[in-house]
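With compact mmCIF, C-alpha atoms and all ligand atoms inside, this is upload-v7.txt:
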```txt
# COMPACT_ATOMS: atom_id res chain seq x y z
CA MET A 1 26.51 50.30 56.60
CA LYS A 2 23.12 49.14 55.32
CA LYS A 3 23.48 47.31 52.05
CA ILE A 4 21.30 45.43 49.58
CA TYR A 5 22.69 43.70 46.51
CA VAL A 6 20.16 43.01 43.76
CA ILE A 7 21.84 40.24 41.83
CA GLY A 8 21.20 38.81 38.37
CA LEU A 9 22.26 35.15 38.40
CA GLY A 10 22.15 34.57 34.65
CA PRO A 11 19.99 31.86 33.09
CA GLY A 12 20.92 28.79 35.08
CA GLY A 13 23.87 27.18 36.80
CA TYR A 14 27.00 28.64 38.34
CA GLN A 15 28.95 28.80 35.10
CA TYR A 16 26.63 31.57 33.84
CA MET A 17 27.09 33.78 36.88
CA THR A 18 29.53 36.68 36.86
CA GLU A 19 32.41 36.79 39.33
CA GLN A 20 30.90 40.03 40.66
CA ALA A 21 27.64 38.17 41.45
CA LYS A 22 29.51 35.38 43.27
CA LEU A 23 31.49 37.88 45.35
CA ALA A 24 28.32 39.81 46.29
CA ILE A 25 26.60 36.58 47.39
CA GLU A 26 29.66 35.61 49.41
CA GLU A 27 29.68 38.99 51.12
CA SER A 28 25.95 38.81 51.98
CA GLU A 29 24.72 37.54 55.33
CA VAL A 30 21.14 37.05 54.14
CA ILE A 31 19.93 35.67 50.79
CA THR A 32 16.39 36.47 49.65
CA GLY A 33 14.61 35.54 46.42
CA TYR A 34 12.12 33.35 44.62
CA THR A 35 12.46 29.76 45.88
CA VAL A 36 13.54 28.35 42.48
CA TYR A 37 16.43 30.80 42.11
CA VAL A 38 17.61 30.41 45.67
CA LYS A 39 17.70 26.66 45.01
CA LEU A 40 19.97 27.28 41.98
CA ILE A 41 22.65 28.74 44.27
CA GLU A 42 22.08 26.46 47.26
CA GLU A 43 25.79 25.72 47.74
CA LEU A 44 26.64 29.42 47.94
CA CYS A 45 23.98 29.89 50.64
CA GLU A 46 25.56 27.57 53.19
CA GLY A 47 25.77 29.16 56.61
CA LYS A 48 23.67 32.14 55.55
CA GLU A 49 20.18 33.14 56.55
CA VAL A 50 17.79 32.41 53.65
CA TYR A 51 14.40 34.00 53.01
CA ALA A 52 12.83 32.40 49.92
CA THR A 53 9.21 32.92 48.89
CA ALA A 54 6.89 31.75 46.12
CA MET A 55 6.24 33.64 42.89
CA LYS A 56 4.10 36.82 42.93
CA GLN A 57 5.36 37.86 46.38
CA GLU A 58 7.84 40.35 45.02
CA ILE A 59 6.89 43.31 47.20
CA ASP A 60 6.88 41.22 50.35
CA ARG A 61 10.32 39.88 49.43
CA CYS A 62 11.71 43.39 48.91
CA LYS A 63 10.25 44.63 52.21
CA LYS A 64 11.82 41.70 53.99
CA ALA A 65 15.18 42.44 52.34
CA LEU A 66 14.85 46.06 53.49
CA GLU A 67 14.12 44.89 57.06
CA TYR A 68 17.25 42.73 57.08
CA ALA A 69 19.37 45.57 55.66
CA LEU A 70 18.03 48.04 58.24
CA SER A 71 19.02 45.60 60.99
CA GLY A 72 22.59 45.89 59.70
CA LYS A 73 22.83 42.65 57.76
CA THR A 74 24.18 42.83 54.21
CA THR A 75 21.40 41.30 52.14
CA ALA A 76 21.25 39.80 48.64
CA MET A 77 18.11 39.65 46.52
CA VAL A 78 18.69 37.16 43.72
CA CYS A 79 16.88 37.09 40.35
CA SER A 80 17.29 35.00 37.22
CA GLY A 81 18.93 36.56 34.20
CA ASP A 82 19.43 40.25 34.83
CA ALA A 83 17.76 41.88 37.84
CA GLY A 84 16.95 44.98 35.81
CA VAL A 85 15.16 43.12 32.98
CA TYR A 86 11.66 42.17 34.17
CA GLY A 87 13.38 41.61 37.52
CA MET A 88 13.45 43.01 41.03
CA ALA A 89 15.86 45.95 40.75
CA GLY A 90 13.19 48.61 40.12
CA ILE A 91 10.82 47.38 42.83
CA MET A 92 13.69 47.35 45.32
CA TYR A 93 14.47 51.04 44.69
CA GLU A 94 10.76 51.89 45.03
CA VAL A 95 10.34 49.95 48.28
CA CYS A 96 13.46 51.61 49.73
CA GLU A 97 12.58 55.15 48.61
CA ALA A 98 12.09 56.43 52.17
CA TYR A 99 15.38 54.89 53.33
CA PRO A 100 18.17 56.68 51.47
CA GLU A 101 20.65 55.38 54.05
CA VAL A 102 20.26 51.92 52.48
CA ASP A 103 22.83 51.45 49.75
CA ILE A 104 21.37 49.42 46.87
CA GLN A 105 23.79 47.93 44.38
CA VAL A 106 22.54 46.21 41.24
CA ILE A 107 24.79 43.43 39.92
CA PRO A 108 24.11 42.71 36.24
CA GLY A 109 23.51 39.20 34.91
CA VAL A 110 23.13 37.58 31.51
CA THR A 111 19.51 38.08 30.49
CA ALA A 112 17.57 35.35 28.64
CA ALA A 113 17.65 37.36 25.38
CA LEU A 114 21.43 37.14 25.33
CA SER A 115 21.91 33.59 26.60
CA GLY A 116 19.11 32.38 24.30
CA ALA A 117 20.53 34.26 21.31
CA ALA A 118 23.86 32.52 21.85
CA VAL A 119 22.10 29.13 21.72
CA LEU A 120 20.31 30.06 18.47
CA GLY A 121 23.36 31.58 16.75
CA ALA A 122 23.49 35.34 16.20
CA PRO A 123 19.94 36.65 15.77
CA LEU A 124 20.38 39.94 17.68
CA ILE A 125 23.42 41.34 15.94
CA HIS A 126 21.57 44.52 14.99
CA ASP A 127 18.79 46.63 16.55
CA PHE A 128 16.37 44.58 18.60
CA CYS A 129 13.76 45.01 21.27
CA LEU A 130 12.38 43.01 24.16
CA ILE A 131 8.64 42.67 24.71
CA SER A 132 6.99 40.75 27.53
CA LEU A 133 3.65 39.15 26.66
CA SER A 134 2.59 39.13 30.31
CA ASP A 135 -0.38 41.41 30.84
CA LEU A 136 -0.32 41.04 34.62
CA LEU A 137 1.28 44.47 35.02
CA THR A 138 0.90 45.90 31.50
CA PRO A 139 -2.42 46.42 29.67
CA TRP A 140 -2.71 44.14 26.62
CA GLU A 141 -3.48 47.16 24.36
CA LYS A 142 -0.03 48.55 25.13
CA ILE A 143 1.63 45.20 24.38
CA GLU A 144 -0.27 45.06 21.07
CA LYS A 145 0.90 48.55 20.12
CA ARG A 146 4.51 47.71 20.91
CA LEU A 147 4.35 44.50 18.85
CA LEU A 148 2.87 46.38 15.89
CA LEU A 149 5.27 49.33 15.97
CA ALA A 150 8.37 47.17 16.53
CA SER A 151 7.32 44.99 13.59
CA ASP A 152 6.68 48.00 11.39
CA ALA A 153 10.16 49.30 12.28
CA ASP A 154 11.69 45.92 11.31
CA PHE A 155 13.24 45.22 14.71
CA CYS A 156 14.29 41.73 15.70
CA ILE A 157 11.93 41.03 18.59
CA VAL A 158 12.55 38.93 21.69
CA LEU A 159 9.44 37.81 23.54
CA TYR A 160 9.66 37.15 27.29
CA ASN A 161 6.80 35.46 29.17
CA PRO A 162 5.41 34.09 25.88
CA SER A 163 2.79 31.88 27.49
CA SER A 164 1.25 30.55 30.66
CA VAL A 165 -1.69 28.33 31.45
CA LYS A 166 -4.01 31.34 31.60
CA ARG A 167 -2.50 32.94 28.51
CA ALA A 168 -2.22 29.88 26.26
CA ASP A 169 -3.08 31.75 23.03
CA TYR A 170 -0.99 34.89 23.58
CA LEU A 171 1.88 33.82 21.34
CA MET A 172 -0.62 33.16 18.54
CA LYS A 173 -2.18 36.59 19.06
CA ALA A 174 1.27 38.20 19.06
CA CYS A 175 2.24 36.41 15.83
CA ASP A 176 -0.95 37.58 14.12
CA LEU A 177 -0.06 41.17 15.01
CA MET A 178 3.56 40.83 13.84
CA LEU A 179 2.35 39.19 10.61
CA GLN A 180 0.69 42.49 9.70
CA TYR A 181 4.19 43.84 8.99
CA LYS A 182 6.59 40.89 8.89
CA SER A 183 6.71 38.21 6.20
CA PRO A 184 5.22 34.81 7.15
CA ASP A 185 8.60 33.32 6.16
CA THR A 186 10.56 35.44 8.66
CA PRO A 187 13.00 33.08 10.42
CA CYS A 188 12.25 32.73 14.14
CA GLY A 189 13.45 30.55 16.98
CA TYR A 190 12.67 29.68 20.54
CA VAL A 191 14.80 28.31 23.36
CA LYS A 192 13.51 26.39 26.32
CA ASN A 193 15.34 26.02 29.65
CA ILE A 194 18.37 28.08 28.66
CA GLY A 195 21.39 27.06 30.71
CA ARG A 196 19.34 24.49 32.60
CA GLU A 197 18.60 20.80 32.31
CA GLY A 198 16.51 20.12 29.20
CA GLU A 199 17.81 23.09 27.18
CA GLU A 200 16.54 22.87 23.61
CA TYR A 201 16.08 25.21 20.68
CA THR A 202 13.79 25.16 17.67
CA ILE A 203 13.94 27.20 14.46
CA VAL A 204 10.68 27.91 12.64
CA SER A 205 9.14 30.49 10.33
CA LEU A 206 6.85 33.18 11.73
CA LYS A 207 3.78 31.43 10.33
CA GLU A 208 4.87 28.19 12.05
CA LEU A 209 5.65 30.01 15.29
CA ARG A 210 1.97 30.96 15.43
CA ASP A 211 1.09 27.36 16.30
CA ALA A 212 4.13 26.55 18.44
CA LYS A 213 3.51 25.31 21.96
CA VAL A 214 5.78 27.18 24.33
CA ASP A 215 5.80 27.50 28.10
CA MET A 216 6.93 30.13 30.58
CA PHE A 217 10.50 28.79 30.60
CA THR A 218 10.88 29.66 26.93
CA THR A 219 12.22 32.79 25.23
CA VAL A 220 11.08 33.50 21.66
CA PHE A 221 13.03 35.27 18.91
CA ILE A 222 11.54 36.82 15.76
CA GLY A 223 13.99 37.88 13.06
CA ASN A 224 14.03 41.09 11.03
CA SER A 225 13.67 41.18 7.23
CA GLN A 226 17.36 40.24 6.82
CA THR A 227 17.50 37.32 9.26
CA LYS A 228 18.33 33.94 7.73
CA VAL A 229 19.04 30.36 8.72
CA ILE A 230 22.64 29.23 8.26
CA ASN A 231 23.36 25.55 9.03
CA ASN A 232 20.39 25.39 11.39
CA LYS A 233 21.38 28.55 13.26
CA LEU A 234 19.50 31.83 13.27
CA VAL A 235 21.65 34.66 11.92
CA THR A 236 20.93 38.34 11.31
CA PRO A 237 23.55 39.82 9.00
CA ARG A 238 25.11 43.12 10.05
CA GLY A 239 25.29 44.16 6.44
CA TYR A 240 28.91 43.44 5.46
CA LYS A 241 29.26 42.87 1.73
CA ASN A 242 31.48 40.38 -0.12
CA ILE A 243 31.69 37.70 2.57
N1 LIG B 1 15.08 38.66 34.68
C1 LIG B 1 14.92 37.60 33.71
C2 LIG B 1 13.58 37.64 33.02
C3 LIG B 1 12.39 37.36 33.91
S1 LIG B 1 10.87 37.34 33.02
C4 LIG B 1 16.07 37.70 32.68
O1 LIG B 1 16.74 38.73 32.61
O2 LIG B 1 16.30 36.71 31.94
C5 LIG B 1 10.63 35.60 32.83
C6 LIG B 1 10.80 35.18 31.39
O3 LIG B 1 12.17 35.22 31.04
C7 LIG B 1 10.37 33.75 31.10
O4 LIG B 1 8.97 33.64 30.86
C8 LIG B 1 11.18 33.44 29.84
O5 LIG B 1 10.57 34.02 28.70
C9 LIG B 1 12.48 34.20 30.12
N2 LIG B 1 13.49 33.31 30.75
C10 LIG B 1 14.15 33.57 31.90
N3 LIG B 1 15.04 32.58 32.17
C11 LIG B 1 14.95 31.69 31.15
C12 LIG B 1 15.63 30.45 30.86
N4 LIG B 1 16.57 29.95 31.67
N5 LIG B 1 15.28 29.80 29.73
C13 LIG B 1 14.34 30.30 28.88
N6 LIG B 1 13.67 31.45 29.11
C14 LIG B 1 13.97 32.15 30.23
```
Could I get this file's structure written as structure tokens?
Ligand code: SAH
Amino acid sequence: MKKIYVIGLGPGGYQYMTEQAKLAIEESEVITGYTVYVKLIEELCEGKEVYATAMKQEIDRCKKALEYALSGKTTAMVCSGDAGVYGMAGIMYEVCEAYPEVDIQVIPGVTAALSGAAVLGAPLIHDFCLISLSDLLTPWEKIEKRLLLASDADFCIVLYNPSSVKRADYLMKACDLMLQYKSPDTPCGYVKNIGREGEEYTIVSLKELRDAKVDMFTTVFIGNSQTKVINNKLVTPRGYKNI
């Protein structure tokens, strides 16, 4: 049996991980992943072979996982949040395309949109969409179009990868696009280090968000036209009357 688990660990520590993820890690003989995430589950890796690499070595990591699996070792590839949301699940299937004998099982995890929403209150109670501001693998023109159309359609929007050293002004550019359709007073929020040490959230208006300083460990939430702030929490009503 040649098996690869692609596991979403959730946002941070063990308490955010599903039981299914823990069991899959336990069953695996080899653990692969980005160094930071492997570190998060250090205790579960005891006695196992570990192959951890730096960021931006995703394909190499998947090929290595495939090698281990082909040698008969059950292998886990761990990702933060959910492995199928800007994670490794898709790449793993592509890398293993010529090896149908390898059984790939994706184990879902709590993605940053959901864990961050829970910190902020209930911003995503209705239709929402996720947009990554990283243009490493997506042309910026496409990101712009998605921001504009999602704003026009009055979606709540969650921004992943809102900033990096090279892309310091991307959040500002994104806000300017959303402001073409959304009110400057639209309630927004952002959460840093969800489920990790230093977790903190901030609630601002869309016009204030434009000048916010966020880093790559932050997830940003933009409300729809109904979203409001209740006791310093971000809430999108579902539409019930007479509350
Ligand atoms: N697979 C991950 C997303 C990876 S993309 C998931 O499902 O959550 C990386 C982006 O996710 C970061 O730039 C940030 O916007 C968001 N993110 C992931 N983990 C986070 C955390 N613990 N706190 C805040 N944002 C996080």
When the cut-off is 8 Å and you count only C-alpha atoms and all ligand atoms, which residues lie near ligand LIG 1 (chain B), shown as a PDB file with C-alpha atoms, in the frame of the given file?
```pdb
ATOM      1  CA  GLY A   8      21.200  38.810  38.370  1.00  0.00           C
ATOM      2  CA  GLY A  10      22.150  34.570  34.650  1.00  0.00           C
ATOM      3  CA  PRO A  11      19.990  31.860  33.090  1.00  0.00           C
ATOM      4  CA  GLY A  12      20.920  28.790  35.080  1.00  0.00           C
ATOM      5  CA  CYS A  79      16.880  37.090  40.350  1.00  0.00           C
ATOM      6  CA  SER A  80      17.290  35.000  37.220  1.00  0.00           C
ATOM      7  CA  GLY A  81      18.930  36.560  34.200  1.00  0.00           C
ATOM      8  CA  ASP A  82      19.430  40.250  34.830  1.00  0.00           C
ATOM      9  CA  ALA A  83      17.760  41.880  37.840  1.00  0.00           C
ATOM     10  CA  GLY A  84      16.950  44.980  35.810  1.00  0.00           C
ATOM     11  CA  VAL A  85      15.160  43.120  32.980  1.00  0.00           C
ATOM     12  CA  TYR A  86      11.660  42.170  34.170  1.00  0.00           C
ATOM     13  CA  GLY A  87      13.380  41.610  37.520  1.00  0.00           C
ATOM     14  CA  MET A  88      13.450  43.010  41.030  1.00  0.00           C
ATOM     15  CA  GLY A 109      23.510  39.200  34.910  1.00  0.00           C
ATOM     16  CA  VAL A 110      23.130  37.580  31.510  1.00  0.00           C
ATOM     17  CA  THR A 111      19.510  38.080  30.490  1.00  0.00           C
ATOM     18  CA  ALA A 112      17.570  35.350  28.640  1.00  0.00           C
ATOM     19  CA  ALA A 113      17.650  37.360  25.380  1.00  0.00           C
ATOM     20  CA  GLY A 116      19.110  32.380  24.300  1.00  0.00           C
ATOM     21  CA  SER A 132       6.990  40.750  27.530  1.00  0.00           C
ATOM     22  CA  LEU A 159       9.440  37.810  23.540  1.00  0.00           C
ATOM     23  CA  TYR A 160       9.660  37.150  27.290  1.00  0.00           C
ATOM     24  CA  ASN A 161       6.800  35.460  29.170  1.00  0.00           C
ATOM     25  CA  PRO A 162       5.410  34.090  25.880  1.00  0.00           C
ATOM     26  CA  SER A 163       2.790  31.880  27.490  1.00  0.00           C
ATOM     27  CA  VAL A 191      14.800  28.310  23.360  1.00  0.00           C
ATOM     28  CA  LYS A 192      13.510  26.390  26.320  1.00  0.00           C
ATOM     29  CA  ASN A 193      15.340  26.020  29.650  1.00  0.00           C
ATOM     30  CA  ILE A 194      18.370  28.080  28.660  1.00  0.00           C
ATOM     31  CA  GLY A 195      21.390  27.060  30.710  1.00  0.00           C
ATOM     32  CA  ARG A 196      19.340  24.490  32.600  1.00  0.00           C
ATOM     33  CA  GLU A 199      17.810  23.090  27.180  1.00  0.00           C
ATOM     34  CA  ASP A 215       5.800  27.500  28.100  1.00  0.00           C
ATOM     35  CA  MET A 216       6.930  30.130  30.580  1.00  0.00           C
ATOM     36  CA  PHE A 217      10.500  28.790  30.600  1.00  0.00           C
ATOM     37  CA  THR A 218      10.880  29.660  26.930  1.00  0.00           C
ATOM     38  CA  THR A 219      12.220  32.790  25.230  1.00  0.00           C
ATOM     39  CA  VAL A 220      11.080  33.500  21.660  1.00  0.00           C
TER      40      VAL A 220
END
```
Could you list, as an mmCIF file with C-alpha atoms, in the coordinates of the input, every residue within 12 Å of Gln226 in chain A, counting all atoms listed in the file and ignoring same-chain residues fewer than 4 positions away?
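So the final result, stored in part37.cif, reads:
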```
data_model
loop_
_atom_site.group_PDB
_atom_site.id
_atom_site.type_symbol
_atom_site.label_atom_id
_atom_site.label_comp_id
_atom_site.auth_asym_id
_atom_site.auth_seq_id
_atom_site.Cartn_x
_atom_site.Cartn_y
_atom_site.Cartn_z
ATOM 1 C CA PRO A 123 19.940 36.650 15.770
ATOM 2 C CA LEU A 124 20.380 39.940 17.680
ATOM 3 C CA ILE A 125 23.420 41.340 15.940
ATOM 4 C CA HIS A 126 21.570 44.520 14.990
ATOM 5 C CA ASP A 127 18.790 46.630 16.550
ATOM 6 C CA ASP A 154 11.690 45.920 11.310
ATOM 7 C CA PHE A 155 13.240 45.220 14.710
ATOM 8 C CA CYS A 156 14.290 41.730 15.700
ATOM 9 C CA LYS A 182 6.590 40.890 8.890
ATOM 10 C CA SER A 183 6.710 38.210 6.200
ATOM 11 C CA ASP A 185 8.600 33.320 6.160
ATOM 12 C CA THR A 186 10.560 35.440 8.660
ATOM 13 C CA PRO A 187 13.000 33.080 10.420
ATOM 14 C CA CYS A 188 12.250 32.730 14.140
ATOM 15 C CA ILE A 222 11.540 36.820 15.760
ATOM 16 C CA LEU A 234 19.500 31.830 13.270
ATOM 17 C CA VAL A 235 21.650 34.660 11.920
ATOM 18 C CA THR A 236 20.930 38.340 11.310
ATOM 19 C CA PRO A 237 23.550 39.820 9.000
ATOM 20 C CA ARG A 238 25.110 43.120 10.050
ATOM 21 C CA GLY A 239 25.290 44.160 6.440
#
```
Range 165-179 of chain A environment, 9 Å, only C-alpha atoms, sequence neighbours closer than 6 positions dropped, as number ranges by chain:
A: 133-134, 143-144, 147-152, 159, 206-207, 209-216
C-alpha atoms of the current selection, written as a CSV table (one decimal), in the coordinates of the input:
```csv
chain,number,residue,atom,x,y,z
A,133,LEU,CA,3.6,39.2,26.7
A,134,SER,CA,2.6,39.1,30.3
A,143,ILE,CA,1.6,45.2,24.4
A,144,GLU,CA,-0.3,45.1,21.1
A,147,LEU,CA,4.4,44.5,18.8
A,148,LEU,CA,2.9,46.4,15.9
A,149,LEU,CA,5.3,49.3,16.0
A,150,ALA,CA,8.4,47.2,16.5
A,151,SER,CA,7.3,45.0,13.6
A,152,ASP,CA,6.7,48.0,11.4
A,159,LEU,CA,9.4,37.8,23.5
A,206,LEU,CA,6.8,33.2,11.7
A,207,LYS,CA,3.8,31.4,10.3
A,209,LEU,CA,5.6,30.0,15.3
A,210,ARG,CA,2.0,31.0,15.4
A,211,ASP,CA,1.1,27.4,16.3
A,212,ALA,CA,4.1,26.6,18.4
A,213,LYS,CA,3.5,25.3,22.0
A,214,VAL,CA,5.8,27.2,24.3
A,215,ASP,CA,5.8,27.5,28.1
A,216,MET,CA,6.9,30.1,30.6
```
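For the pair CA of Tyr5 in chain A and CA of Lys56 in chain A, the separation is 20.1 Å.
The space separating CA of Gln105 in chain A from CA of Lys22 in chain A comes to 13.8 Å.
For the atom pair formed by CA of Ile230 in chain A and CA of Tyr181 in chain A, the distance is 23.5 Å, given to one decimal.
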